[in-house]
Amino acid sequence: MGNNRRAFLKQAGLAGAGMIMGGSAAGPQPPFRQTHEQTFNMHDYAAPPLETVRVGFIGIGSRGSGHVERFANIEGVEVKALCDIVPNRVNEAIESIANTHNPDAYTDGEDAWKQLCDRGDIDLIIISTPWDLHTPQAVYAMEQGKHVGVEVPAAKTIEECWQLVETSERTRKHCMMLANSAYGDFNILTIRMARQGFFGEIVQGEGAYIQD
């Protein structure tokens with residue numbers, strides 16, 4: 001690719017970004033935070049290892065119940081507590097792992113998840129609730145000293161993204177969005193091939209995920 005084309009693509013990208021940030025025909029865009037005062041660099045940070053990881057689950061629908069069953073089969077994991085506003089979901093999940101785990105149930109109202117987060121014997125909380133609750137629950141869990149795995153999307157706005165980042169930095173607790181397909185064999189193989197130059201110089205990439 002010639003230098004002229006490279007310069008054109010760079011300028012076009014900058015111009016496009018400027019249009020997005022500056023507004024559009026649909027009206028002014030919401031203000032985005034441009035600065036962030038980092039309190040701790042979580043990049044490459046590893047929390048001290050745990051011999052046993054004690055896990056609590058908030059949201060036991062079709063996704064959450066699957067997480068419970070998978071975690072229950074991992075060596076070194078103890079399923080401590082399950083929470084959902086529908087008691088039957090929690091009861092069925094508890095029965096499904098009764099041979100190996102004996103978690104407590106939290107089903108008493110919409111704020112029962114806070115009681116789960118307040119416990120001192122849980123290290124990690126998995127959140128599989130409706131989207132609006134993801135960031136508030138993840139932030140609260142980290143503030144109570146818990147690591148967090150939260151279903152997609154972890155946040156709905158740029159401001160919520162900053163809340164997650166800043167809370168993770170301040171508490172030094174890991175917060176991971178559970179985009180599990182990113183770690184499949186095919187995905188890892190493809191990114192390694194790209195980094196090793198197997199595809200040559202990559203100048204453009206497109207993708208789609210047709211899903212609500």
# chains A, B, ... in the order shown; residues from 1 in each chain; ligands from 1

$ select_by_dssp --residues "chain A" --states "strand (DSSP E)" --output "JSON, numbers by chain"
{"A": [53, 54, 55, 56, 57, 58, 77, 78, 79, 80, 81, 82, 83, 104, 105, 106, 124, 125, 126, 127, 147, 148, 149, 150, 175, 176, 177]}

$ atom_distance --atom1 "atom CA of A:Arg170" --atom2 "atom CA of A:Met42"
9.7 Å

$ residues_around --residues "A:Asp121" --least-positions-apart "4" --cutoff "9 Å" --atoms "only C-alpha atoms" --output "list in words"
Arg54, Val55 and Lys80 of chain A

$ write_last_selection --atoms "C-alpha atoms" --output "short mmCIF file (atom, residue, chain, number, x, y, z; two decimals), in the first residue's frame"
data_model
loop_
_atom_site.label_atom_id
_atom_site.label_comp_id
_atom_site.auth_asym_id
_atom_site.auth_seq_id
_atom_site.Cartn_x
_atom_site.Cartn_y
_atom_site.Cartn_z
CA ARG A 54 -15.82 -19.19 46.61
CA VAL A 55 -18.45 -18.05 44.13
CA LYS A 80 -21.63 -20.51 48.09
#

$ select_by_dssp --residues "chain A" --states "alpha helix (DSSP H)" --output "MDAnalysis selection string"
chainID A and resid 3:22 62:72 87:96 112:118 131:143 158:171 185:195

$ residues_around --residues "A:Tyr106" --least-positions-apart "4" --cutoff "8 Å" --atoms "only C-alpha atoms" --output "list in words"
Ala81, Leu82, Cys83, Asp84, Val90, Ala112, Trp113, Gln115 and Leu116 of chain A

$ write_last_selection --atoms "all heavy atoms" --output "mmCIF file, in the first residue's frame"
data_model
loop_
_atom_site.group_PDB
_atom_site.id
_atom_site.type_symbol
_atom_site.label_atom_id
_atom_site.label_comp_id
_atom_site.auth_asym_id
_atom_site.auth_seq_id
_atom_site.Cartn_x
_atom_site.Cartn_y
_atom_site.Cartn_z
ATOM 1 N N ALA A 81 -23.505 -19.281 47.101
ATOM 2 C CA ALA A 81 -24.814 -18.638 47.204
ATOM 3 C C ALA A 81 -25.384 -18.342 45.823
ATOM 4 O O ALA A 81 -24.638 -18.046 44.880
ATOM 5 C CB ALA A 81 -24.710 -17.348 48.008
ATOM 6 N N LEU A 82 -26.716 -18.422 45.710
ATOM 7 C CA LEU A 82 -27.430 -18.122 44.475
ATOM 8 C C LEU A 82 -28.534 -17.123 44.772
ATOM 9 O O LEU A 82 -29.210 -17.218 45.802
ATOM 10 C CB LEU A 82 -28.051 -19.388 43.877
ATOM 11 C CG LEU A 82 -27.176 -20.627 43.710
ATOM 12 C CD1 LEU A 82 -27.982 -21.756 43.065
ATOM 13 C CD2 LEU A 82 -25.943 -20.318 42.898
ATOM 14 N N CYS A 83 -28.746 -16.179 43.842
ATOM 15 C CA CYS A 83 -29.761 -15.155 44.056
ATOM 16 C C CYS A 83 -30.578 -14.935 42.795
ATOM 17 O O CYS A 83 -30.031 -14.799 41.692
ATOM 18 C CB CYS A 83 -29.091 -13.842 44.470
ATOM 19 S SG CYS A 83 -30.246 -12.464 44.663
ATOM 20 N N ASP A 84 -31.895 -14.872 42.957
ATOM 21 C CA ASP A 84 -32.806 -14.517 41.869
ATOM 22 C C ASP A 84 -34.137 -14.114 42.495
ATOM 23 O O ASP A 84 -34.495 -14.602 43.575
ATOM 24 C CB ASP A 84 -33.002 -15.685 40.903
ATOM 25 C CG ASP A 84 -33.560 -15.243 39.560
ATOM 26 O OD1 ASP A 84 -34.763 -14.929 39.472
ATOM 27 O OD2 ASP A 84 -32.776 -15.195 38.584
ATOM 28 N N VAL A 90 -33.818 -20.530 41.671
ATOM 29 C CA VAL A 90 -32.753 -20.798 42.631
ATOM 30 C C VAL A 90 -32.862 -22.216 43.167
ATOM 31 O O VAL A 90 -31.860 -22.948 43.262
ATOM 32 C CB VAL A 90 -32.796 -19.772 43.781
ATOM 33 C CG1 VAL A 90 -31.807 -20.159 44.879
ATOM 34 C CG2 VAL A 90 -32.492 -18.383 43.252
ATOM 35 N N ALA A 112 -32.179 -8.466 47.338
ATOM 36 C CA ALA A 112 -31.550 -9.609 48.002
ATOM 37 C C ALA A 112 -30.110 -9.809 47.528
ATOM 38 O O ALA A 112 -29.267 -10.325 48.268
ATOM 39 C CB ALA A 112 -32.366 -10.871 47.754
ATOM 40 N N TRP A 113 -29.821 -9.375 46.296
ATOM 41 C CA TRP A 113 -28.469 -9.547 45.750
ATOM 42 C C TRP A 113 -27.437 -8.786 46.573
ATOM 43 O O TRP A 113 -26.264 -9.207 46.650
ATOM 44 C CB TRP A 113 -28.419 -9.093 44.293
ATOM 45 C CG TRP A 113 -28.770 -7.661 44.049
ATOM 46 C CD1 TRP A 113 -30.011 -7.138 43.827
ATOM 47 C CD2 TRP A 113 -27.854 -6.554 44.005
ATOM 48 N NE1 TRP A 113 -29.937 -5.769 43.650
ATOM 49 C CE2 TRP A 113 -28.634 -5.393 43.750
ATOM 50 C CE3 TRP A 113 -26.479 -6.434 44.144
ATOM 51 C CZ2 TRP A 113 -28.058 -4.128 43.638
ATOM 52 C CZ3 TRP A 113 -25.906 -5.172 44.034
ATOM 53 C CH2 TRP A 113 -26.691 -4.043 43.780
ATOM 54 N N GLN A 115 -27.436 -8.520 49.805
ATOM 55 C CA GLN A 115 -27.106 -9.370 50.952
ATOM 56 C C GLN A 115 -26.058 -10.407 50.557
ATOM 57 O O GLN A 115 -25.147 -10.707 51.334
ATOM 58 C CB GLN A 115 -28.365 -10.062 51.461
ATOM 59 C CG GLN A 115 -29.460 -9.118 51.915
ATOM 60 C CD GLN A 115 -30.741 -9.851 52.268
ATOM 61 O OE1 GLN A 115 -30.705 -10.978 52.771
ATOM 62 N NE2 GLN A 115 -31.881 -9.230 51.999
ATOM 63 N N LEU A 116 -26.184 -10.933 49.352
ATOM 64 C CA LEU A 116 -25.193 -11.886 48.862
ATOM 65 C C LEU A 116 -23.828 -11.212 48.745
ATOM 66 O O LEU A 116 -22.807 -11.767 49.177
ATOM 67 C CB LEU A 116 -25.641 -12.451 47.513
ATOM 68 C CG LEU A 116 -24.810 -13.572 46.887
ATOM 69 C CD1 LEU A 116 -25.686 -14.440 45.984
ATOM 70 C CD2 LEU A 116 -23.632 -13.032 46.080
#

$ atom_distance --atom1 "atom CA of A:Lys173" --atom2 "atom CA of A:Asn102"
25.8 Å

$ residues_around --residues "stretch 132-145 of chain A" --least-positions-apart "4" --cutoff "7 Å" --atoms "only C-alpha atoms" --output "list in words"
Cys117, Asp118, Ile127, Val150, Ala154, Ala155, Glu160, Leu164, Thr167, Ser168, Thr171 and Lys173 of chain A

$ residues_around --residues "A:Leu50" --least-positions-apart "5" --cutoff "12 Å" --atoms "only C-alpha atoms" --output "MDAnalysis selection string"
chainID A and resid 55 76:78 122:124

$ atom_distance --atom1 "atom CA of A:Tyr45" --atom2 "atom CA of A:Met176"
12.8 Å

$ closest_residue --among "A:Ile85, A:Val152, A:Ile210, A:Ala98" --to "A:Leu178" --atoms "only C-alpha atoms"
A:Val152

$ decode --residues "stretch 160-179 of chain A" --atoms "N, CA, C and O atoms" --output "short mmCIF file (atom, residue, chain, number, x, y, z; two decimals), in the first residue's frame"
data_model
loop_
_atom_site.label_atom_id
_atom_site.label_comp_id
_atom_site.auth_asym_id
_atom_site.auth_seq_id
_atom_site.Cartn_x
_atom_site.Cartn_y
_atom_site.Cartn_z
N GLU A 160 -21.01 4.49 32.34
CA GLU A 160 -21.00 3.25 33.11
C GLU A 160 -19.68 2.50 32.91
O GLU A 160 -19.19 1.87 33.85
N CYS A 161 -19.12 2.56 31.72
CA CYS A 161 -17.80 1.94 31.48
C CYS A 161 -16.76 2.55 32.41
O CYS A 161 -15.95 1.83 33.01
N TRP A 162 -16.76 3.89 32.53
CA TRP A 162 -15.81 4.54 33.42
C TRP A 162 -16.06 4.14 34.87
O TRP A 162 -15.11 4.00 35.66
N GLN A 163 -17.33 3.98 35.26
CA GLN A 163 -17.62 3.55 36.63
C GLN A 163 -16.97 2.20 36.92
O GLN A 163 -16.39 1.99 38.00
N LEU A 164 -17.07 1.28 35.97
CA LEU A 164 -16.47 -0.04 36.16
C LEU A 164 -14.94 0.05 36.26
O LEU A 164 -14.32 -0.57 37.12
N VAL A 165 -14.35 0.83 35.34
CA VAL A 165 -12.89 0.99 35.33
C VAL A 165 -12.41 1.59 36.64
O VAL A 165 -11.47 1.09 37.29
N GLU A 166 -13.03 2.67 37.04
CA GLU A 166 -12.56 3.38 38.23
C GLU A 166 -12.77 2.58 39.51
O GLU A 166 -11.94 2.61 40.42
N THR A 167 -13.87 1.85 39.58
CA THR A 167 -14.12 1.02 40.76
C THR A 167 -13.12 -0.12 40.82
O THR A 167 -12.59 -0.45 41.89
N SER A 168 -12.82 -0.73 39.67
CA SER A 168 -11.84 -1.81 39.64
C SER A 168 -10.47 -1.31 40.07
O SER A 168 -9.77 -1.97 40.85
N GLU A 169 -10.08 -0.13 39.58
CA GLU A 169 -8.78 0.44 39.96
C GLU A 169 -8.74 0.76 41.45
O GLU A 169 -7.74 0.48 42.14
N ARG A 170 -9.81 1.35 41.95
CA ARG A 170 -9.82 1.77 43.35
C ARG A 170 -9.82 0.59 44.31
O ARG A 170 -9.17 0.62 45.36
N THR A 171 -10.57 -0.45 43.97
CA THR A 171 -10.69 -1.60 44.87
C THR A 171 -9.67 -2.70 44.56
O THR A 171 -9.49 -3.62 45.36
N ARG A 172 -9.01 -2.58 43.39
CA ARG A 172 -8.08 -3.62 42.93
C ARG A 172 -8.76 -4.98 42.86
O ARG A 172 -8.19 -6.01 43.26
N LYS A 173 -9.97 -4.96 42.34
CA LYS A 173 -10.72 -6.19 42.10
C LYS A 173 -10.92 -6.36 40.61
O LYS A 173 -11.23 -5.40 39.89
N HIS A 174 -10.76 -7.59 40.14
CA HIS A 174 -10.94 -7.86 38.72
C HIS A 174 -12.40 -7.75 38.34
O HIS A 174 -13.29 -8.19 39.08
N CYS A 175 -12.66 -7.16 37.18
CA CYS A 175 -14.00 -7.09 36.62
C CYS A 175 -13.90 -7.52 35.16
O CYS A 175 -13.30 -6.82 34.34
N MET A 176 -14.49 -8.65 34.84
CA MET A 176 -14.37 -9.21 33.49
C MET A 176 -15.74 -9.37 32.85
O MET A 176 -16.66 -9.91 33.46
N MET A 177 -15.87 -8.85 31.63
CA MET A 177 -17.09 -9.09 30.87
C MET A 177 -17.01 -10.49 30.28
O MET A 177 -16.00 -10.86 29.68
N LEU A 178 -18.07 -11.26 30.43
CA LEU A 178 -18.04 -12.67 30.05
C LEU A 178 -18.32 -12.89 28.57
O LEU A 178 -19.25 -13.58 28.19
N ALA A 179 -17.49 -12.27 27.73
CA ALA A 179 -17.59 -12.52 26.28
C ALA A 179 -16.81 -13.79 25.99
O ALA A 179 -15.71 -13.78 25.44
#
